[in-house]
Amino acid sequence: DVTLFLQDRAFSPAGALRFAVAGNQDTAFNTVNGRVAPFLVVHRAVYRFRLINGALLADVTLSIRGPPSVPVFLLATDAGLLPAPLRVD
């Protein structure tokens with residue numbers, strides 16, 4: 001399992017964390033687990049990503065890059081587990 005906590009964060013010119021306000025996104029960044037532009041080295045295996053959207057202002061659109069033959073399944077939403085895994089293309 002890999003937990004990915006998505007947030008939008010704003011930073012001062014000195015790099016200090018500050019509260020983002022709507023309309024003032026000049027220094028705002030999307031972060032994953034507190035990091036700007038993170039990466040994860042993966043190996044050929046099955047991974048379960050647990051996504052938590054903690055963004056206050058940003059709309060989040062996710063994509064997975066890789067061979068088109070790699071299946072992606074949705075197992076649950078905010079409402080709980082789905083009755084069966086749903087393949088997402």
# chains A, B, ... in the order shown; residues from 1 in each chain; ligands from 1
>>> residues_around(residues="Ala55 of chain A", least_positions_apart="3", cutoff="10 Å", atoms="only C-alpha atoms", output="list in words")
Phe5, Leu6, Gln7, Asp8, Arg9, Asn30, Thr31, Ile52, Ala58, Asp59 and Val60 of chain A
>>> write_last_selection(atoms="N, CA, C and O atoms", output="tab-separated table (two decimals), in the first residue's frame")
chain	number	residue	atom	x	y	z
A	5	PHE	N	-1.04	11.61	0.11
A	5	PHE	CA	-1.82	12.70	0.71
A	5	PHE	C	-1.63	13.94	-0.14
A	5	PHE	O	-0.54	14.51	-0.19
A	6	LEU	N	-2.67	14.34	-0.86
A	6	LEU	CA	-2.61	15.46	-1.80
A	6	LEU	C	-3.04	16.74	-1.11
A	6	LEU	O	-4.09	16.78	-0.47
A	7	GLN	N	-2.23	17.80	-1.23
A	7	GLN	CA	-2.55	19.09	-0.64
A	7	GLN	C	-2.09	20.22	-1.55
A	7	GLN	O	-1.20	20.03	-2.37
A	8	ASP	N	-2.69	21.38	-1.39
A	8	ASP	CA	-2.17	22.59	-2.03
A	8	ASP	C	-1.57	23.44	-0.92
A	8	ASP	O	-2.18	23.66	0.11
A	9	ARG	N	-0.35	23.88	-1.15
A	9	ARG	CA	0.38	24.64	-0.14
A	9	ARG	C	0.95	25.89	-0.77
A	9	ARG	O	1.34	25.89	-1.93
A	30	ASN	N	0.99	22.22	-5.65
A	30	ASN	CA	0.37	20.97	-5.24
A	30	ASN	C	1.47	20.11	-4.64
A	30	ASN	O	2.57	20.02	-5.20
A	31	THR	N	1.18	19.50	-3.52
A	31	THR	CA	2.16	18.64	-2.87
A	31	THR	C	1.58	17.24	-2.67
A	31	THR	O	0.36	17.06	-2.60
A	52	ILE	N	-5.67	10.50	-0.62
A	52	ILE	CA	-6.42	11.35	0.30
A	52	ILE	C	-6.31	12.78	-0.23
A	52	ILE	O	-5.21	13.31	-0.34
A	58	ALA	N	-7.35	23.83	-4.54
A	58	ALA	CA	-7.05	23.31	-5.88
A	58	ALA	C	-7.97	22.17	-6.27
A	58	ALA	O	-8.34	21.35	-5.44
A	59	ASP	N	-8.32	22.14	-7.56
A	59	ASP	CA	-8.97	20.97	-8.13
A	59	ASP	C	-7.85	20.01	-8.52
A	59	ASP	O	-6.84	20.43	-9.08
A	60	VAL	N	-8.03	18.75	-8.23
A	60	VAL	CA	-6.98	17.78	-8.48
A	60	VAL	C	-7.40	16.84	-9.61
A	60	VAL	O	-8.48	16.25	-9.56
>>> select_by_dssp(residues="segment 9-75 of chain A", states="strand (DSSP E)", output="NGL selection string")
:A and (9-11 or 17-18 or 28-32 or 35-36 or 49-53 or 72-75)
>>> closest_residue(among="A:Leu17, A:Ser69, A:Ala10, A:Thr77", to="Arg50 of chain A", atoms="only C-alpha atoms")
A:Thr77
